[in-house]
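coords_15.tsv (TSV, C-alpha atoms) appears below.
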chain	number	residue	atom	x	y	z
T	1	MET	CA	2.97	-57.04	8.86
T	2	LYS	CA	-0.66	-55.98	8.70
T	3	PRO	CA	-1.50	-52.68	6.94
T	4	LEU	CA	-2.89	-51.11	10.14
T	5	ILE	CA	0.28	-51.92	12.07
T	6	ILE	CA	2.43	-50.53	9.23
T	7	ALA	CA	0.42	-47.30	9.15
T	8	LEU	CA	0.72	-46.91	12.93
T	9	ALA	CA	4.46	-47.48	12.78
T	10	LEU	CA	4.84	-44.79	10.13
T	11	VAL	CA	2.85	-42.29	12.18
T	12	LEU	CA	4.94	-42.97	15.27
T	13	ALA	CA	8.17	-42.60	13.28
T	14	ALA	CA	7.19	-39.26	11.74
T	15	PRO	CA	8.76	-36.12	13.31
T	16	LEU	CA	6.52	-34.03	15.51
T	17	PRO	CA	5.75	-30.48	14.39
T	18	ALA	CA	7.48	-27.78	16.42
T	19	SER	CA	4.23	-26.92	18.20
T	20	ALA	CA	3.98	-30.48	19.51
T	21	HIS	CA	7.35	-30.51	21.28
T	22	PRO	CA	6.59	-30.55	25.04
T	23	ARG	CA	9.97	-29.16	26.14
T	24	PRO	CA	12.44	-26.63	24.71
T	25	PRO	CA	15.31	-28.17	22.72
T	26	ARG	CA	18.49	-29.01	24.63
T	27	ASP	CA	20.76	-26.56	22.71
T	28	LEU	CA	20.88	-24.19	19.77
T	29	ARG	CA	21.75	-26.90	17.27
T	30	ALA	CA	18.60	-28.75	18.25
T	31	LEU	CA	16.65	-25.48	18.08
T	32	ALA	CA	17.92	-24.86	14.55
T	33	GLN	CA	16.95	-28.35	13.48
T	34	GLN	CA	13.52	-28.02	15.04
T	35	HIS	CA	12.81	-24.78	13.16
T	36	GLY	CA	14.52	-25.77	9.92
T	37	ILE	CA	17.01	-22.89	9.93
T	38	LYS	CA	20.73	-22.43	10.54
T	39	ILE	CA	21.94	-20.90	13.79
T	40	GLY	CA	25.53	-19.76	13.74
T	41	SER	CA	28.25	-17.71	15.38
T	42	ALA	CA	31.18	-15.60	14.33
T	43	VAL	CA	34.41	-17.32	15.35
T	44	ASP	CA	37.55	-15.94	16.96
T	45	ILE	CA	40.26	-18.10	15.40
T	46	ALA	CA	42.78	-17.57	18.21
T	47	ALA	CA	40.20	-18.73	20.75
T	48	LEU	CA	39.24	-21.66	18.52
T	49	ARG	CA	42.86	-22.82	18.60
T	50	ALA	CA	43.76	-22.06	22.20
T	51	GLU	CA	40.62	-22.46	24.33
T	52	PRO	CA	39.12	-25.94	24.71
T	53	ASP	CA	36.03	-24.63	26.52
T	54	TYR	CA	35.39	-22.14	23.70
T	55	ARG	CA	35.67	-24.92	21.11
T	56	LYS	CA	33.37	-27.18	23.09
T	57	VAL	CA	30.54	-24.63	23.31
T	58	LEU	CA	30.97	-23.46	19.71
T	59	ASN	CA	30.79	-26.96	18.28
T	60	ARG	CA	27.98	-28.09	20.58
T	61	GLU	CA	25.71	-25.13	19.94
T	62	PHE	CA	26.16	-23.96	16.36
T	63	SER	CA	25.46	-25.49	12.96
T	64	HIS	CA	26.88	-22.50	11.03
T	65	VAL	CA	30.06	-20.44	11.47
T	66	THR	CA	31.48	-17.16	10.16
T	67	ALA	CA	35.10	-16.05	10.40
T	68	GLU	CA	35.04	-12.86	12.46
T	69	ASN	CA	38.22	-11.52	10.84
T	70	ALA	CA	40.13	-14.38	9.21
T	71	MET	CA	38.63	-13.97	5.73
T	72	LYS	CA	38.89	-10.18	5.51
T	73	TRP	CA	41.31	-8.81	2.94
T	74	GLU	CA	43.97	-7.53	5.36
T	75	SER	CA	44.06	-11.00	6.93
T	76	VAL	CA	44.37	-13.09	3.76
T	77	GLU	CA	46.68	-10.82	1.72
T	78	PRO	CA	48.63	-8.53	4.09
T	79	GLU	CA	51.32	-8.10	1.42
T	80	ARG	CA	50.53	-7.91	-2.25
T	81	GLY	CA	50.64	-11.41	-3.71
T	82	VAL	CA	51.50	-12.97	-0.34
T	83	PHE	CA	48.52	-14.94	0.93
T	84	THR	CA	48.07	-16.11	4.51
T	85	TRP	CA	45.28	-18.67	4.46
T	86	ALA	CA	46.10	-20.51	7.68
T	87	ASP	CA	43.38	-18.91	9.84
T	88	ALA	CA	40.65	-19.11	7.20
T	89	ASP	CA	41.64	-22.69	6.40
T	90	ALA	CA	41.46	-23.55	10.10
T	91	LEU	CA	37.88	-22.34	10.31
T	92	VAL	CA	36.79	-24.22	7.20
T	93	GLU	CA	38.45	-27.44	8.38
T	94	SER	CA	36.97	-27.13	11.88
T	95	ALA	CA	33.54	-26.63	10.33
T	96	ARG	CA	33.98	-29.74	8.20
T	97	ARG	CA	34.91	-31.85	11.22
T	98	ASN	CA	31.98	-30.55	13.27
T	99	ARG	CA	29.24	-30.72	10.63
T	100	GLN	CA	28.92	-26.96	10.33
T	101	GLN	CA	28.30	-24.82	7.27
T	102	VAL	CA	30.29	-21.66	6.62
T	103	ARG	CA	29.44	-18.06	5.75
T	104	GLY	CA	32.31	-16.27	4.02
T	105	HIS	CA	32.84	-12.73	5.31
T	106	THR	CA	33.58	-10.54	3.43
T	107	LEU	CA	34.79	-10.03	-0.15
T	108	VAL	CA	34.36	-6.25	-0.66
T	109	TRP	CA	34.38	-3.79	2.23
T	110	HIS	CA	35.71	-0.31	2.86
T	111	ASN	CA	37.38	-1.35	6.12
T	112	GLN	CA	40.21	-3.75	7.06
T	113	LEU	CA	41.89	-3.40	3.70
T	114	PRO	CA	45.65	-4.09	3.49
T	115	ALA	CA	47.92	-1.06	3.72
T	116	TRP	CA	49.59	-1.85	0.38
T	117	LEU	CA	46.21	-1.40	-1.34
T	118	THR	CA	45.00	1.76	0.38
T	119	THR	CA	48.42	3.42	0.16
T	120	GLY	CA	48.78	2.54	-3.51
T	121	VAL	CA	45.41	4.05	-4.32
T	122	GLU	CA	46.13	7.18	-2.29
T	123	ASP	CA	49.55	7.88	-3.85
T	124	GLY	CA	48.36	7.09	-7.38
T	125	SER	CA	50.64	4.10	-7.95
T	126	ILE	CA	47.48	1.97	-8.34
T	127	ASP	CA	45.18	3.51	-10.96
T	128	ALA	CA	41.53	2.65	-11.58
T	129	ALA	CA	42.21	-0.02	-14.20
T	130	GLU	CA	44.69	-1.79	-11.96
T	131	LEU	CA	42.40	-1.44	-8.95
T	132	ARG	CA	39.60	-3.17	-10.82
T	133	SER	CA	41.97	-5.98	-11.80
T	134	ILE	CA	43.14	-6.31	-8.18
T	135	LEU	CA	39.57	-6.55	-6.92
T	136	ARG	CA	38.65	-9.16	-9.53
T	137	ASP	CA	41.71	-11.25	-8.70
T	138	HIS	CA	41.06	-11.01	-4.96
T	139	ILE	CA	37.45	-12.17	-5.25
T	140	THR	CA	38.28	-14.91	-7.73
T	141	THR	CA	41.23	-16.25	-5.73
T	142	GLN	CA	39.41	-16.33	-2.41
T	143	VAL	CA	36.11	-17.74	-3.61
T	144	ARG	CA	37.78	-20.33	-5.81
T	145	ARG	CA	39.97	-21.51	-2.92
T	146	TYR	CA	36.88	-22.42	-0.91
T	147	LYS	CA	34.68	-23.52	-3.80
T	148	GLY	CA	32.14	-26.04	-2.54
T	149	LYS	CA	33.12	-25.42	1.10
T	150	ILE	CA	31.28	-22.16	1.79
T	151	ARG	CA	27.48	-21.99	1.73
T	152	ALA	CA	27.16	-18.23	1.40
T	153	TRP	CA	29.37	-15.18	0.89
T	154	ASP	CA	28.84	-11.62	2.07
T	155	VAL	CA	29.97	-10.28	-1.31
T	156	VAL	CA	29.54	-6.56	-0.65
T	157	ASN	CA	29.40	-5.26	2.90
T	158	GLU	CA	28.06	-1.89	4.08
T	159	VAL	CA	27.84	-0.17	0.68
T	160	VAL	CA	25.01	2.21	1.66
T	161	GLU	CA	25.40	5.23	3.95
T	162	GLU	CA	22.96	6.17	6.70
T	163	ASP	CA	21.45	8.89	4.50
T	164	GLY	CA	20.71	6.41	1.71
T	165	THR	CA	23.56	7.42	-0.62
T	166	LEU	CA	26.11	4.90	-1.83
T	167	ARG	CA	29.08	4.77	0.54
T	168	GLN	CA	31.95	7.02	-0.51
T	169	SER	CA	34.54	4.26	-0.37
T	170	LEU	CA	37.69	3.94	-2.43
T	171	TRP	CA	35.74	1.44	-4.56
T	172	LEU	CA	32.98	3.89	-5.47
T	173	THR	CA	35.39	6.79	-5.90
T	174	HIS	CA	37.73	5.01	-8.30
T	175	LEU	CA	35.55	2.35	-9.94
T	176	GLY	CA	32.06	3.86	-9.88
T	177	PRO	CA	28.92	2.02	-8.77
T	178	GLY	CA	29.49	-0.77	-11.30
T	179	TYR	CA	31.98	-2.40	-8.93
T	180	ILE	CA	29.04	-3.86	-7.00
T	181	ALA	CA	27.66	-5.79	-9.99
T	182	ASP	CA	31.19	-6.82	-10.97
T	183	ALA	CA	31.84	-8.26	-7.50
T	184	PHE	CA	28.75	-10.47	-7.64
T	185	ARG	CA	29.55	-11.67	-11.18
T	186	TRP	CA	33.15	-12.52	-10.31
T	187	ALA	CA	32.13	-14.37	-7.15
T	188	HIS	CA	29.50	-16.36	-9.06
T	189	ARG	CA	31.98	-17.39	-11.72
T	190	ALA	CA	34.41	-18.59	-9.06
T	191	ASP	CA	31.75	-20.70	-7.27
T	192	PRO	CA	28.42	-20.97	-9.09
T	193	HIS	CA	26.80	-22.85	-6.19
T	194	ALA	CA	27.53	-20.40	-3.36
T	195	LYS	CA	24.75	-18.06	-2.20
T	196	LEU	CA	25.77	-14.44	-2.73
T	197	PHE	CA	24.58	-11.75	-0.28
T	198	ILE	CA	24.53	-8.01	0.18
T	199	ASN	CA	25.09	-7.31	3.90
T	200	ASP	CA	24.58	-4.16	5.99
T	201	TYR	CA	23.99	-2.71	9.45
T	202	ASN	CA	20.92	-0.69	10.48
T	203	LEU	CA	19.07	-2.25	7.58
T	204	GLU	CA	16.57	-3.37	10.24
T	205	TRP	CA	15.07	0.10	10.67
T	206	ASN	CA	16.84	2.88	8.72
T	207	ALA	CA	14.35	3.92	6.02
T	208	PRO	CA	16.78	5.65	3.60
T	209	LYS	CA	19.15	2.69	3.81
T	210	ILE	CA	16.30	0.21	3.30
T	211	GLU	CA	14.94	2.01	0.22
T	212	THR	CA	18.35	2.44	-1.41
T	213	THR	CA	19.30	-1.17	-0.79
T	214	LEU	CA	16.00	-2.39	-2.23
T	215	SER	CA	16.53	-0.22	-5.31
T	216	LEU	CA	20.10	-1.48	-5.62
T	217	VAL	CA	18.95	-5.11	-5.51
T	218	LYS	CA	16.26	-4.46	-8.13
T	219	ASP	CA	18.80	-2.77	-10.37
T	220	LEU	CA	21.22	-5.69	-10.02
T	221	GLN	CA	18.44	-8.15	-10.80
T	222	ALA	CA	17.41	-6.14	-13.86
T	223	GLN	CA	20.99	-6.47	-15.12
T	224	GLY	CA	20.93	-10.23	-14.58
T	225	VAL	CA	23.47	-10.02	-11.76
T	226	PRO	CA	23.54	-13.16	-9.55
T	227	ILE	CA	22.46	-11.87	-6.14
T	228	HIS	CA	20.77	-14.41	-3.88
T	229	GLY	CA	20.37	-12.91	-0.43
T	230	ALA	CA	20.15	-9.94	1.93
T	231	GLY	CA	21.98	-9.98	5.24
T	232	PHE	CA	20.77	-7.92	8.21
T	233	GLN	CA	23.64	-7.49	10.65
T	234	GLY	CA	21.44	-6.85	13.69
T	235	HIS	CA	23.80	-5.01	16.07
T	236	LEU	CA	21.20	-3.93	18.63
T	237	GLY	CA	21.28	-2.18	21.99
T	238	ILE	CA	18.67	-2.29	24.74
T	239	GLN	CA	18.99	1.47	25.27
T	240	TYR	CA	17.27	1.81	21.89
T	241	ASP	CA	13.87	0.50	20.88
T	242	TYR	CA	13.73	-2.89	19.24
T	243	PRO	CA	13.27	-2.46	15.45
T	244	GLY	CA	9.62	-3.40	15.56
T	245	ASP	CA	9.01	-3.48	11.80
T	246	TRP	CA	11.97	-5.78	11.14
T	247	ALA	CA	9.90	-8.75	9.95
T	248	ASN	CA	8.11	-6.60	7.39
T	249	VAL	CA	11.41	-5.20	6.14
T	250	MET	CA	12.68	-8.78	5.73
T	251	ARG	CA	9.55	-9.57	3.74
T	252	ARG	CA	10.18	-6.70	1.36
T	253	PHE	CA	13.54	-8.19	0.46
T	254	ALA	CA	12.11	-11.71	0.41
T	255	ASP	CA	9.48	-10.51	-2.08
T	256	LEU	CA	12.36	-9.87	-4.49
T	257	GLY	CA	13.17	-13.57	-4.35
T	258	LEU	CA	16.08	-13.21	-1.93
T	259	GLU	CA	17.08	-15.48	0.91
T	260	ILE	CA	17.17	-13.59	4.21
T	261	ALA	CA	19.77	-13.96	6.96
T	262	ILE	CA	20.44	-12.25	10.27
T	263	THR	CA	24.21	-12.26	10.01
T	264	GLU	CA	25.77	-10.49	13.02
T	265	LEU	CA	23.26	-10.37	15.86
T	266	ASP	CA	24.28	-9.06	19.26
T	267	VAL	CA	22.45	-7.00	21.87
T	268	ARG	CA	24.63	-4.68	23.93
T	269	MET	CA	23.76	-2.76	27.11
T	270	GLU	CA	25.10	0.07	29.21
T	271	LEU	CA	27.23	-1.36	32.00
T	272	PRO	CA	26.94	-2.45	34.76
T	273	VAL	CA	24.83	-5.52	34.05
T	274	THR	CA	21.60	-5.94	36.04
T	275	PRO	CA	18.97	-8.69	36.04
T	276	GLU	CA	16.52	-6.22	34.50
T	277	LYS	CA	18.87	-5.44	31.62
T	278	LEU	CA	19.50	-9.13	31.01
T	279	ALA	CA	15.75	-9.73	30.89
T	280	THR	CA	15.31	-6.95	28.31
T	281	GLN	CA	18.22	-8.32	26.30
T	282	ALA	CA	16.55	-11.73	26.30
T	283	THR	CA	13.39	-10.28	24.76
T	284	TYR	CA	15.43	-8.65	21.95
T	285	TYR	CA	17.11	-11.94	21.08
T	286	SER	CA	13.87	-13.89	21.15
T	287	ARG	CA	12.08	-11.25	19.06
T	288	ALA	CA	14.84	-11.38	16.46
T	289	LEU	CA	14.47	-15.14	16.12
T	290	THR	CA	10.67	-14.87	16.07
T	291	ASP	CA	10.88	-12.24	13.32
T	292	CYS	CA	13.17	-14.48	11.29
T	293	LEU	CA	10.91	-17.49	11.72
T	294	SER	CA	7.88	-15.44	10.63
T	295	VAL	CA	9.49	-14.91	7.20
T	296	ARG	CA	9.77	-18.15	5.24
T	297	ALA	CA	12.79	-16.89	3.30
T	298	CYS	CA	14.79	-16.25	6.51
T	299	ARG	CA	17.07	-19.26	6.73
T	300	GLU	CA	19.85	-18.20	9.08
T	301	LEU	CA	20.44	-16.42	12.38
T	302	THR	CA	24.10	-15.86	13.26
T	303	VAL	CA	25.34	-14.12	16.41
T	304	TRP	CA	28.47	-11.98	16.23
T	305	GLY	CA	30.38	-14.02	18.77
T	306	PHE	CA	28.68	-16.13	21.40
T	307	THR	CA	30.67	-15.21	24.52
T	308	ASP	CA	31.39	-11.88	26.20
T	309	ARG	CA	34.94	-13.15	26.69
T	310	HIS	CA	35.71	-12.23	23.06
T	311	SER	CA	33.03	-9.67	22.16
T	312	TRP	CA	33.95	-6.75	19.93
T	313	VAL	CA	31.47	-4.47	21.70
T	314	PRO	CA	33.51	-3.10	24.65
T	315	GLY	CA	36.29	-2.04	22.31
T	316	TRP	CA	33.93	-0.03	20.10
T	317	PHE	CA	31.22	1.24	22.47
T	318	GLU	CA	32.65	2.84	25.58
T	319	GLY	CA	30.84	1.77	28.74
T	320	GLN	CA	28.83	-0.92	26.97
T	321	GLY	CA	29.09	-4.69	26.80
T	322	SER	CA	27.55	-8.00	27.84
T	323	ALA	CA	26.17	-8.35	24.31
T	324	CYS	CA	26.40	-12.11	23.81
T	325	LEU	CA	24.43	-15.24	24.71
T	326	PHE	CA	27.12	-16.56	27.08
T	327	ASP	CA	29.10	-14.62	29.69
T	328	GLU	CA	32.90	-14.52	30.04
T	329	ASN	CA	32.85	-17.87	31.83
T	330	LEU	CA	30.69	-19.43	29.09
T	331	ALA	CA	27.65	-19.62	31.34
T	332	PRO	CA	24.43	-19.20	29.34
T	333	LYS	CA	22.51	-15.97	29.99
T	334	PRO	CA	18.73	-15.47	30.05
T	335	ALA	CA	18.90	-14.63	26.32
T	336	TYR	CA	20.08	-18.18	25.59
T	337	GLN	CA	17.12	-19.68	27.41
T	338	ALA	CA	14.79	-17.21	25.69
T	339	LEU	CA	15.94	-18.43	22.28
T	340	LEU	CA	15.35	-22.07	23.24
T	341	ALA	CA	11.80	-21.18	24.27
T	342	VAL	CA	10.84	-19.54	20.95
T	343	LYS	CA	7.99	-21.30	19.17
T	344	SER	CA	7.81	-21.30	15.40
T	345	PRO	CA	5.03	-19.13	13.90
T	346	ARG	CA	5.43	-20.94	10.57

Please render this file's structure as structure tokens.
Amino acid sequence: MKPLIIALALVLAAPLPASAHPRPPRDLRALAQQHGIKIGSAVDIAALRAEPDYRKVLNREFSHVTAENAMKWESVEPERGVFTWADADALVESARRNRQQVRGHTLVWHNQLPAWLTTGVEDGSIDAAELRSILRDHITTQVRRYKGKIRAWDVVNEVVEEDGTLRQSLWLTHLGPGYIADAFRWAHRADPHAKLFINDYNLEWNAPKIETTLSLVKDLQAQGVPIHGAGFQGHLGIQYDYPGDWANVMRRFADLGLEIAITELDVRMELPVTPEKLATQATYYSRALTDCLSVRACRELTVWGFTDRHSWVPGWFEGQGSACLFDENLAPKPAYQALLAVKSPR
């Protein structure tokens, strides 16, 4: 073959830059591939098992998955020493079959702890030394079980209060602030290749929380603690302003060498739903993706459930809902189309 023909063939075979694509991608998986990021969803395991239409949309649209509840402590060890891995295993196996990566959520949190643990701490039958041993064993057991199967872990979740102080959890009260560094070290030993994240809500805009979390990360890094990423939950509502400085906040964490992820994005509204509210919601979703794409270190955008059929929002925010990309019947909403139309600023 002549050199000119070979050169032309190579040019034609090369992928087009995102700006050259004439039409939006066909689905979110294609969008993720086009932008070079991961787009994921939290997964309701009961729905994954029982609802074929739910499975079809989940596996068509998303290249990344997070267990909504199946990997939380009360789910995997409801009785001390009695582990129930079936739901977490089901998610990991489904992800393997459908070419999806997994975010583990979450190793240390102040909520959804098993009653045997919280009761034992309260009545004094579990002292501080034993509590530390229990936490180490929990992290080591869970991370080691899924070694090589989970891309990233939310190691510590919601450890900073709204006023910028460390959260007064049973972990801080009984173990002191060192439990945070310990958690990252134990997770890293159990799976040295997993990305380890600190994850929090309102980190998009809350100045005291931002500053404390930045200081915490710097302190961990100064100690040589293996921390690799910062997760912004991104639970938004259209009745509030969009966090307009979000991209710059991401950059501040990225400047510390961290990978950035939007880990739990949803955009709720006051009910009833109107076309105007759906249009506003669509702009919030598209702005979140645009902000992520504007920061090179932002590698993941995960929504906290993709269908209103199984959204957590109505159960927690009275009179609010319709927070997801798909409605109860799995029909895509304007927010879905808005995401597909986002152009990369990179």

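Of the residues under consideration (T:Ala30, T:Leu135, T:Ile126, T:Ala46), T:Leu135 shows the shortest atom-to-atom contact distance to Trp73 (chain T) when counting only C-alpha atoms.
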
**Report entry** Distance query Leu236 (chain T) at most 7 Å, all atoms listed in the file, self and fewer than 6 positions along chain excluded, as number ranges by chain
**Finding:** T: 266-268

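Minimum atom-to-atom distances from T:Leu220, T:Leu258, T:Ala152, T:Val225 to Leu196 (chain T) were compared using all atoms listed in the file, and the lowest value belongs to T:Ala152.
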
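The list of residues within 12 Å of (43.0, -14.4, -5.4), counted using all atoms listed in the file, is Met71, Trp73, Val76, Glu77, Arg80, Gly81, Val82, Phe83, Thr84, Trp85, Leu107, Ser133, Ile134, Leu135, Arg136, Asp137, His138, Ile139, Thr140, Thr141, Gln142, Val143, Arg144, Arg145, Tyr146, Trp186, Ala187 and Ala190 of chain T.
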
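Using only C-alpha atoms, the shortest contact distance between Arg251 (chain T) and any of T:Ile210, T:Ala297, T:Leu271, T:Leu340 is found at T:Ala297.
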
Query raised in the report: Any idea what's packed within 8 Å of Gln34 (chain T), counting only C-alpha atoms, ignoring anything in its chain fewer than 2 positions away? Could you give it as a list in words?
Result: Ala18, Pro25, Ala30, Leu31, Ala32 and Gly36 of chain T

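Of note, CA of Ser286 (chain T) and CA of His235 (chain T) are spaced 14.3 Å apart.
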
Requested in this report: Using only C-alpha atoms, determine which residues lie at most 8 Å from Phe197 (chain T), disregarding the query and same-chain residues fewer than 6 positions distant; provide the list as a list of chain:residue names.
Outcome: T:Ala152, T:Trp153, T:Asp154, T:Val155, T:Val156, T:Ile227, T:His228, T:Gly229, T:Ala230, T:Gly231

Report, as JSON, the axis-aligned box around all atoms of region 261-273 of chain T present in the file, extended by 6 Å on each side; give centre and edge lengths in Å to one decimal place.
{"center_x": 23.5, "center_y": -6.9, "center_z": 20.9, "size_x": 19.5, "size_y": 26.0, "size_z": 39.8}

Query raised in the report: Using all atoms listed in the file, which of the listed residues (T:Glu204, T:Asp53, T:Glu158, T:Glu270) sits closest to Phe253 (chain T)?
Result: T:Glu204

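For the choices T:Pro226, T:Gly257, T:Gly164, T:Pro192, the atom-to-atom distance to Asn206 (chain T) is smallest for T:Gly164 when using all atoms listed in the file.
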
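Shortest separation to Thr290 (chain T) among T:Pro314, T:Pro345, T:Gly124, T:Gly321 occurs at residue T:Pro345, atoms counted being only C-alpha atoms.
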
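The coordinates place CA of Asn157 (chain T) at 22.2 Å from CA of Cys324 (chain T).
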
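Here CA of Pro52 (chain T) stands at a distance of 14.9 Å from CA of Leu91 (chain T).
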
Query raised in the report: Which residues, written as a ChimeraX atom specification, have at least one atom at most 12 Å from region 167-169 of chain T, with all atoms listed in the file counted and residues fewer than 6 positions away on the same chain left out?
Result: /T:108-111,113,118,121,156-161,175-177,179-180,200,209,212-213
